[in-house]
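Trainee: mmCIF, C-alpha atoms, saved as model_9.cif, coming up:
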data_model
loop_
_atom_site.group_PDB
_atom_site.id
_atom_site.type_symbol
_atom_site.label_atom_id
_atom_site.label_comp_id
_atom_site.auth_asym_id
_atom_site.auth_seq_id
_atom_site.Cartn_x
_atom_site.Cartn_y
_atom_site.Cartn_z
ATOM 1 C CA MET G 1 -14.974 32.501 48.391
ATOM 2 C CA ASP G 2 -15.608 34.719 51.429
ATOM 3 C CA CYS G 3 -15.847 38.521 51.457
ATOM 4 C CA GLY G 4 -12.121 38.904 52.196
ATOM 5 C CA GLY G 5 -11.233 36.755 49.205
ATOM 6 C CA VAL G 6 -13.551 38.691 46.923
ATOM 7 C CA PHE G 7 -12.009 41.959 48.159
ATOM 8 C CA VAL G 8 -8.459 40.689 47.500
ATOM 9 C CA LYS G 9 -9.523 39.407 44.083
ATOM 10 C CA TYR G 10 -10.860 42.739 42.855
ATOM 11 C CA VAL G 11 -8.111 44.802 44.477
ATOM 12 C CA LEU G 12 -5.569 42.590 42.698
ATOM 13 C CA PHE G 13 -7.491 43.051 39.438
ATOM 14 C CA ILE G 14 -7.440 46.861 39.864
ATOM 15 C CA PHE G 15 -3.716 46.770 40.726
ATOM 16 C CA ASN G 16 -2.995 44.873 37.534
ATOM 17 C CA ILE G 17 -5.021 47.315 35.452
ATOM 18 C CA LEU G 18 -2.739 50.004 36.910
ATOM 19 C CA PHE G 19 0.280 47.833 36.071
ATOM 20 C CA VAL G 20 -0.892 47.536 32.472
ATOM 21 C CA ILE G 21 -0.964 51.346 32.321
ATOM 22 C CA CYS G 22 2.476 51.540 34.014
ATOM 23 C CA GLY G 23 3.849 49.019 31.514
ATOM 24 C CA ILE G 24 2.567 51.105 28.606
ATOM 25 C CA LEU G 25 4.095 54.261 30.135
ATOM 26 C CA LEU G 26 7.457 52.499 30.648
ATOM 27 C CA ILE G 27 7.384 51.319 27.019
ATOM 28 C CA ILE G 28 6.688 54.875 25.823
ATOM 29 C CA PHE G 29 9.329 56.382 28.152
ATOM 30 C CA GLY G 30 11.970 53.810 27.191
ATOM 31 C CA SER G 31 11.176 54.208 23.494
ATOM 32 C CA LEU G 32 11.581 57.991 23.727
ATOM 33 C CA MET G 33 14.965 57.607 25.455
ATOM 34 C CA VAL G 34 16.134 55.022 22.897
ATOM 35 C CA SER G 35 14.967 57.146 19.956
ATOM 36 C CA THR G 36 16.793 60.171 21.384
ATOM 37 C CA ILE G 37 20.082 58.313 21.859
ATOM 38 C CA LYS G 38 19.982 55.946 18.841
ATOM 39 C CA ASP G 39 20.919 58.731 16.393
ATOM 40 C CA PHE G 40 24.384 58.688 17.958
ATOM 41 C CA SER G 41 24.944 54.920 17.712
ATOM 42 C CA GLY G 42 28.191 55.462 15.859
ATOM 43 C CA VAL G 43 29.814 56.784 19.019
ATOM 44 C CA GLY G 44 31.451 54.106 21.190
ATOM 45 C CA GLU G 45 30.253 55.426 24.554
ATOM 46 C CA THR G 46 26.616 55.228 23.479
ATOM 47 C CA PHE G 47 26.251 51.648 24.755
ATOM 48 C CA THR G 48 26.509 52.604 28.450
ATOM 49 C CA ALA G 49 23.976 55.421 28.107
ATOM 50 C CA ASN G 50 21.640 53.436 25.865
ATOM 51 C CA SER G 51 21.629 50.298 28.057
ATOM 52 C CA VAL G 52 19.462 51.960 30.747
ATOM 53 C CA ALA G 53 16.879 53.027 28.141
ATOM 54 C CA ILE G 54 16.776 49.508 26.652
ATOM 55 C CA ILE G 55 16.353 47.932 30.106
ATOM 56 C CA ILE G 56 13.440 50.305 30.832
ATOM 57 C CA LEU G 57 11.839 49.392 27.498
ATOM 58 C CA VAL G 58 12.200 45.650 28.150
ATOM 59 C CA LEU G 59 10.877 46.029 31.719
ATOM 60 C CA GLY G 60 7.861 47.914 30.349
ATOM 61 C CA CYS G 61 7.046 45.015 28.006
ATOM 62 C CA ILE G 62 7.459 42.464 30.827
ATOM 63 C CA VAL G 63 5.304 44.511 33.239
ATOM 64 C CA PHE G 64 2.565 44.760 30.596
ATOM 65 C CA LEU G 65 2.547 40.997 29.888
ATOM 66 C CA VAL G 66 2.744 39.983 33.568
ATOM 67 C CA ALA G 67 -0.017 42.418 34.543
ATOM 68 C CA PHE G 68 -2.244 41.025 31.812
ATOM 69 C CA MET G 69 -1.628 37.504 33.148
ATOM 70 C CA GLY G 70 -2.452 38.739 36.667
ATOM 71 C CA CYS G 71 -5.763 40.216 35.501
ATOM 72 C CA CYS G 72 -6.750 36.923 33.887
ATOM 73 C CA GLY G 73 -5.646 34.882 36.929
ATOM 74 C CA ALA G 74 -7.557 37.080 39.375
ATOM 75 C CA ILE G 75 -10.822 37.114 37.402
ATOM 76 C CA ARG G 76 -10.730 33.373 36.564
ATOM 77 C CA GLU G 77 -9.538 32.495 40.103
ATOM 78 C CA SER G 78 -6.861 30.214 38.678
ATOM 79 C CA SER G 79 -4.405 29.148 41.390
ATOM 80 C CA CYS G 80 -1.877 28.036 38.741
ATOM 81 C CA ALA G 81 -1.985 31.406 36.938
ATOM 82 C CA LEU G 82 -1.840 33.310 40.240
ATOM 83 C CA THR G 83 1.140 31.269 41.493
ATOM 84 C CA SER G 84 2.980 31.812 38.200
ATOM 85 C CA TYR G 85 2.108 35.489 38.390
ATOM 86 C CA SER G 86 3.469 35.710 41.953
ATOM 87 C CA VAL G 87 6.790 34.103 40.995
ATOM 88 C CA VAL G 88 7.233 36.319 37.923
ATOM 89 C CA MET G 89 6.198 39.391 39.923
ATOM 90 C CA LEU G 90 8.842 38.584 42.565
ATOM 91 C CA VAL G 91 11.540 38.260 39.876
ATOM 92 C CA LEU G 92 10.346 41.498 38.267
ATOM 93 C CA LEU G 93 10.315 43.293 41.612
ATOM 94 C CA VAL G 94 13.919 42.246 42.339
ATOM 95 C CA SER G 95 14.991 43.231 38.796
ATOM 96 C CA GLN G 96 13.438 46.678 39.111
ATOM 97 C CA LEU G 97 15.098 47.207 42.499
ATOM 98 C CA ALA G 98 18.441 46.208 40.944
ATOM 99 C CA LEU G 99 17.905 48.718 38.100
ATOM 100 C CA ILE G 100 16.946 51.515 40.507
ATOM 101 C CA ILE G 101 19.964 50.801 42.725
ATOM 102 C CA TYR G 102 22.238 50.711 39.653
ATOM 103 C CA VAL G 103 20.928 54.068 38.411
ATOM 104 C CA TRP G 104 21.061 55.534 41.917
ATOM 105 C CA VAL G 105 24.674 54.443 42.514
ATOM 106 C CA ASP G 106 26.091 54.924 38.991
ATOM 107 C CA HIS G 107 24.041 57.891 37.745
ATOM 108 C CA VAL G 108 27.164 60.083 37.745
ATOM 109 C CA GLN G 109 29.058 57.509 35.665
ATOM 110 C CA ILE G 110 26.167 57.305 33.179
ATOM 111 C CA GLN G 111 26.064 61.108 32.990
ATOM 112 C CA GLN G 112 29.802 61.173 32.327
ATOM 113 C CA SER G 113 29.274 58.647 29.514
ATOM 114 C CA LEU G 114 26.698 60.985 27.971
ATOM 115 C CA GLU G 115 29.127 63.895 28.272
ATOM 116 C CA LYS G 116 31.840 61.808 26.562
ATOM 117 C CA ILE G 117 29.412 61.133 23.724
ATOM 118 C CA VAL G 118 28.828 64.874 23.310
ATOM 119 C CA GLN G 119 32.577 65.600 23.462
ATOM 120 C CA THR G 120 33.307 62.896 20.855
ATOM 121 C CA ILE G 121 30.589 64.193 18.533
ATOM 122 C CA TRP G 122 32.000 67.714 18.867
ATOM 123 C CA ASP G 123 35.560 66.513 18.145
ATOM 124 C CA GLN G 124 34.340 64.671 15.019
ATOM 125 C CA ARG G 125 32.191 67.515 13.694
ATOM 126 C CA LYS G 126 34.607 68.396 10.870
ATOM 127 C CA THR G 127 34.579 64.846 9.489
ATOM 128 C CA ASP G 128 30.968 63.987 10.419
ATOM 129 C CA ALA G 129 28.869 67.126 10.773
ATOM 130 C CA LEU G 130 25.605 65.144 10.622
ATOM 131 C CA LEU G 131 25.988 63.811 14.179
ATOM 132 C CA MET G 132 26.564 67.288 15.620
ATOM 133 C CA ASP G 133 23.636 68.677 13.642
ATOM 134 C CA THR G 134 21.409 65.845 14.899
ATOM 135 C CA LEU G 135 22.514 66.478 18.489
ATOM 136 C CA GLN G 136 21.821 70.218 18.239
ATOM 137 C CA ARG G 137 18.382 69.687 16.669
ATOM 138 C CA SER G 138 17.407 66.965 19.162
ATOM 139 C CA PHE G 139 18.382 68.904 22.285
ATOM 140 C CA LYS G 140 17.789 72.457 20.983
ATOM 141 C CA CYS G 141 21.374 73.408 21.816
ATOM 142 C CA CYS G 142 24.317 75.089 20.094
ATOM 143 C CA GLY G 143 28.002 74.292 20.483
ATOM 144 C CA LEU G 144 29.815 72.172 23.042
ATOM 145 C CA ASN G 145 30.004 74.856 25.733
ATOM 146 C CA GLY G 146 27.759 77.408 24.030
ATOM 147 C CA PHE G 147 27.159 79.227 20.748
ATOM 148 C CA ALA G 148 30.494 81.092 21.181
ATOM 149 C CA ASP G 149 32.309 77.859 20.213
ATOM 150 C CA TYR G 150 31.397 78.617 16.570
ATOM 151 C CA ILE G 151 32.924 82.127 16.748
ATOM 152 C CA LEU G 152 31.039 83.933 13.924
ATOM 153 C CA THR G 153 29.351 81.341 11.689
ATOM 154 C CA TYR G 154 26.524 79.353 13.280
ATOM 155 C CA PRO G 155 25.254 76.186 11.535
ATOM 156 C CA ALA G 156 21.612 75.818 10.497
ATOM 157 C CA SER G 157 21.027 73.212 13.247
ATOM 158 C CA CYS G 158 21.542 75.902 15.908
ATOM 159 C CA CYS G 159 18.180 77.556 15.236
ATOM 160 C CA ASP G 160 14.667 76.799 14.009
ATOM 161 C CA SER G 161 14.643 79.222 11.051
ATOM 162 C CA PRO G 162 18.088 79.407 9.403
ATOM 163 C CA SER G 163 18.821 81.767 6.546
ATOM 164 C CA ASN G 164 21.155 80.680 3.704
ATOM 165 C CA GLY G 165 22.299 77.665 5.724
ATOM 166 C CA THR G 166 23.356 79.657 8.798
ATOM 167 C CA CYS G 167 21.796 81.203 11.896
ATOM 168 C CA ALA G 168 21.984 84.789 13.092
ATOM 169 C CA LEU G 169 23.522 85.670 16.453
ATOM 170 C CA THR G 170 20.156 86.730 17.862
ATOM 171 C CA GLN G 171 18.731 83.280 17.004
ATOM 172 C CA VAL G 172 21.428 81.284 18.823
ATOM 173 C CA MET G 173 21.849 83.459 21.924
ATOM 174 C CA THR G 174 18.877 81.744 23.591
ATOM 175 C CA ARG G 175 20.278 78.236 22.988
ATOM 176 C CA SER G 176 22.120 76.509 25.841
ATOM 177 C CA SER G 177 25.317 74.513 25.368
ATOM 178 C CA CYS G 178 24.918 70.884 24.296
ATOM 179 C CA LEU G 179 26.747 69.656 27.395
ATOM 180 C CA LYS G 180 24.286 71.526 29.602
ATOM 181 C CA ALA G 181 21.285 70.345 27.550
ATOM 182 C CA VAL G 182 22.337 66.684 27.779
ATOM 183 C CA ASP G 183 23.015 66.998 31.529
ATOM 184 C CA SER G 184 19.562 68.513 32.003
ATOM 185 C CA PHE G 185 18.018 65.688 29.927
ATOM 186 C CA TRP G 186 19.676 63.052 32.136
ATOM 187 C CA ASP G 187 18.893 64.832 35.433
ATOM 188 C CA THR G 188 15.204 64.952 34.514
ATOM 189 C CA ASN G 189 15.046 61.320 33.415
ATOM 190 C CA VAL G 190 17.094 59.905 36.300
ATOM 191 C CA SER G 191 14.664 61.457 38.800
ATOM 192 C CA ILE G 192 11.742 59.833 36.983
ATOM 193 C CA ILE G 193 13.539 56.462 36.930
ATOM 194 C CA LYS G 194 14.395 56.563 40.644
ATOM 195 C CA TYR G 195 11.230 57.884 42.278
ATOM 196 C CA ALA G 196 8.630 56.554 39.850
ATOM 197 C CA GLY G 197 10.460 53.211 39.924
ATOM 198 C CA LEU G 198 10.302 53.070 43.713
ATOM 199 C CA GLY G 199 6.573 53.844 43.604
ATOM 200 C CA VAL G 200 5.909 51.092 41.065
ATOM 201 C CA THR G 201 8.029 48.638 43.072
ATOM 202 C CA ALA G 202 6.031 49.361 46.240
ATOM 203 C CA VAL G 203 2.748 48.706 44.411
ATOM 204 C CA GLU G 204 4.217 45.504 42.929
ATOM 205 C CA LEU G 205 5.124 44.305 46.426
ATOM 206 C CA VAL G 206 1.499 44.758 47.549
ATOM 207 C CA ALA G 207 0.268 42.970 44.404
ATOM 208 C CA PHE G 208 2.698 40.096 45.059
ATOM 209 C CA ILE G 209 1.377 39.656 48.625
ATOM 210 C CA PHE G 210 -2.247 39.834 47.460
ATOM 211 C CA ALA G 211 -1.590 37.330 44.648
ATOM 212 C CA CYS G 212 -0.029 34.850 47.106
ATOM 213 C CA CYS G 213 -3.014 35.221 49.464
ATOM 214 C CA LEU G 214 -5.558 34.808 46.649
ATOM 215 C CA ALA G 215 -3.720 31.789 45.174
ATOM 216 C CA ASN G 216 -3.638 30.125 48.597
ATOM 217 C CA GLN G 217 -7.329 30.832 49.214
ATOM 218 C CA THR G 218 -8.247 29.537 45.738
ATOM 219 C CA ARG G 219 -6.350 26.279 46.363
ATOM 220 C CA ASN G 220 -8.088 25.855 49.737
ATOM 221 C CA SER G 221 -11.484 26.430 48.130
ATOM 222 C CA GLN G 222 -10.723 23.812 45.459
ATOM 223 C CA ARG G 223 -9.669 21.294 48.129
ATOM 224 C CA ARG G 224 -12.897 21.864 50.109
ATOM 225 C CA GLN G 225 -14.952 21.311 46.961
ATOM 226 C CA ASN G 226 -13.213 17.970 46.340
ATOM 227 C CA TYR G 227 -14.204 16.615 49.769
#
Please go through the file and, once you have read it, give me the structure as structure tokens.
Mentor:
Amino acid sequence: MDCGGVFVKYVLFIFNILFVICGILLIIFGSLMVSTIKDFSGVGETFTANSVAIIILVLGCIVFLVAFMGCCGAIRESSCALTSYSVVMLVLLVSQLALIIYVWVDHVQIQQSLEKIVQTIWDQRKTDALLMDTLQRSFKCCGLNGFADYILTYPASCCDSPSNGTCALTQVMTRSSCLKAVDSFWDTNVSIIKYAGLGVTAVELVAFIFACCLANQTRNSQRRQNY
């Protein structure tokens, strides 16, 4: 293999090491989103909001496995492994673009689904207080539109150090409304999904091109050795 082939080989190997790290980060990020939303699985609208987190988690696992296969194919100079890696990488690249476009186009709809979840939990608080308490502890919030929704008695989930099962006014005044907290949670995560996803997709495109070049060069080298 000439100098260009060796360069492509090790650049591809380094790219896939980065992909392994990206896959691990996607798994962690998706797991955190799933764990945050799963406590509200009893609410019907949760599926729409939770589907994005599950897709991210699954993509993270796929990226990790594909990147590992790419590392092995590049180091062993296996044209079969590199070709398989290229095909899977192309499918993964298209899937990630589809996810990013979906989030980009429908992020308002997903946010509205999250707000419906919060509204439903608030409406059901008298029959199922556990969900509202879980929401308020998870997002460090108090009330649907603010602590004033509780009038005079504030539940223990509205503060970190309740006294006799309730919170004092001074403890809840710093808490934002749960609607605002959930909106802020989604705004932060949707930016990460869109821009980090585009960055990863661009790197995957370069890796796909390099893998195709290396697979082709490896096949040519094998043919020359057979003659």
Trainee: Kindly give the distance, in Å, that separates CA of Ala202 (chain G) and CA of Gln96 (chain G), rounded to a single decimal.
Mentor: 10.6 Å
Trainee: With distances taken over all atoms listed in the file, which of G:Leu99, G:Gly165, G:Asp149, G:Glu77 is nearest to Asp123 (chain G)?
Mentor: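 Smallest separation from Asp123 (chain G) among the options: G:Asp149.
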Trainee: Of the residues G:Ile101, G:Ile24, G:Val94, G:Val172, which is the one nearest to Tyr195 (chain G), using only C-alpha atoms?
Mentor: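 Ranked by minimum distance to Tyr195 (chain G), first place goes to G:Ile101.
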Trainee: Find the spatial neighbours of Phe7 (chain G), counting all atoms listed in the file, within a cut-off of 12 Å - ignore same-chain residues fewer than 5 positions away - and output them as a VMD selection string.
Mentor: chain G and resid 1 to 2 12 to 14 74 to 75 210 to 211 213 to 214
Trainee: What are the centre and edge lengths in Å, to one decimal, of the axis-aligned box around all listed atoms of region 123-137 of chain G with 8 Å added on each side, as AutoDock Vina command-line options?
Mentor:
--center_x 27.0 --center_y 67.0 --center_z 14.0 --size_x 33.2 --size_y 22.4 --size_z 25.0
Trainee: Find the residues of region 110-195 of chain G that sit at most 12 Å from region 51-73 of chain G; for each, write down the nearest two atoms and how far apart they are in Å, to one decimal. Count only C-alpha atoms. Sort by chain, then by number going up, and give it as a tab-separated table.
Mentor:
residue	atom	partner	partner_atom	distance
G:Ile110	CA	G:Val52	CA	8.9
G:Gln111	CA	G:Val52	CA	11.5
G:Ser113	CA	G:Ser51	CA	11.4
G:Leu114	CA	G:Ser51	CA	11.8
G:Trp186	CA	G:Ala53	CA	11.1
G:Asn189	CA	G:Ala53	CA	10.0
G:Val190	CA	G:Val52	CA	10.0
G:Ile192	CA	G:Ile56	CA	11.5
G:Ile193	CA	G:Ile56	CA	8.7
G:Lys194	CA	G:Ile56	CA	11.7
Trainee: Using only C-alpha atoms, what residues lie at most 12 Å away from (9.4, 58.6, 38.7) (file coordinates), given as a PyMOL selection string?
Mentor: chain G and resi 22+25-26+29+100+187-201
Trainee: Output C-alpha atoms for every residue in the selection just made, as a PDB file, in the frame of the given file.
Mentor:
ATOM      1  CA  CYS G  22       2.476  51.540  34.014  1.00  0.00           C
ATOM      2  CA  LEU G  25       4.095  54.261  30.135  1.00  0.00           C
ATOM      3  CA  LEU G  26       7.457  52.499  30.648  1.00  0.00           C
ATOM      4  CA  PHE G  29       9.329  56.382  28.152  1.00  0.00           C
ATOM      5  CA  ILE G 100      16.946  51.515  40.507  1.00  0.00           C
ATOM      6  CA  ASP G 187      18.893  64.832  35.433  1.00  0.00           C
ATOM      7  CA  THR G 188      15.204  64.952  34.514  1.00  0.00           C
ATOM      8  CA  ASN G 189      15.046  61.320  33.415  1.00  0.00           C
ATOM      9  CA  VAL G 190      17.094  59.905  36.300  1.00  0.00           C
ATOM     10  CA  SER G 191      14.664  61.457  38.800  1.00  0.00           C
ATOM     11  CA  ILE G 192      11.742  59.833  36.983  1.00  0.00           C
ATOM     12  CA  ILE G 193      13.539  56.462  36.930  1.00  0.00           C
ATOM     13  CA  LYS G 194      14.395  56.563  40.644  1.00  0.00           C
ATOM     14  CA  TYR G 195      11.230  57.884  42.278  1.00  0.00           C
ATOM     15  CA  ALA G 196       8.630  56.554  39.850  1.00  0.00           C
ATOM     16  CA  GLY G 197      10.460  53.211  39.924  1.00  0.00           C
ATOM     17  CA  LEU G 198      10.302  53.070  43.713  1.00  0.00           C
ATOM     18  CA  GLY G 199       6.573  53.844  43.604  1.00  0.00           C
ATOM     19  CA  VAL G 200       5.909  51.092  41.065  1.00  0.00           C
ATOM     20  CA  THR G 201       8.029  48.638  43.072  1.00  0.00           C
TER      21      THR G 201
END
Trainee: For Thr174 (chain G), which residue among G:Ile17, G:Tyr85, G:Ala148, G:Thr153 is the nearest when counting only C-alpha atoms?
Mentor: G:Ala148
Trainee: Rank G:Ser221, G:Cys212, G:Leu97, G:Phe15 by their smallest atom-to-atom distance to Ser84 (chain G), using only C-alpha atoms, and report the top residue only.
Mentor: G:Cys212
Trainee: Separation of CA of Gln136 (chain G) and CA of Cys178 (chain G), in Å?
Mentor: 6.8 Å
Trainee: Quick one, how far is CA of Ser176 (chain G) from CA of Cys142 (chain G)?
Mentor: 6.3 Å
Trainee: Skipping near chain neighbours, those fewer than 6 positions away, what residues fall within 10 Å of Asp133 (chain G) using all atoms listed in the file, listed as a list in words?
Mentor: Ile121, Trp122, Arg125, Cys141, Cys142, Gly143, Pro155, Ala156, Ser157 and Cys158 of chain G
Trainee: Once the PyMOL selection byres ((chain G and resi 89-91) around 8) has been evaluated on this model, what residues remain selected, and can you format them as a VMD selection string?
Mentor: chain G and resid 66 85 to 88 92 to 95 204 to 205 208
Trainee: With all atoms listed in the file as the atoms that count, which of G:Glu115, G:Val6, G:Phe185, G:Ile151 lies nearest to Leu169 (chain G)?
Mentor: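 Closest candidate: G:Ile151.
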Trainee: List the spatial neighbours of Ser79 (chain G) as a VMD selection string - criterion: any atom at most 6 Å away, all atoms listed in the file, same-chain residues fewer than 2 positions off excluded.
Mentor: chain G and resid 81 to 83 215 218
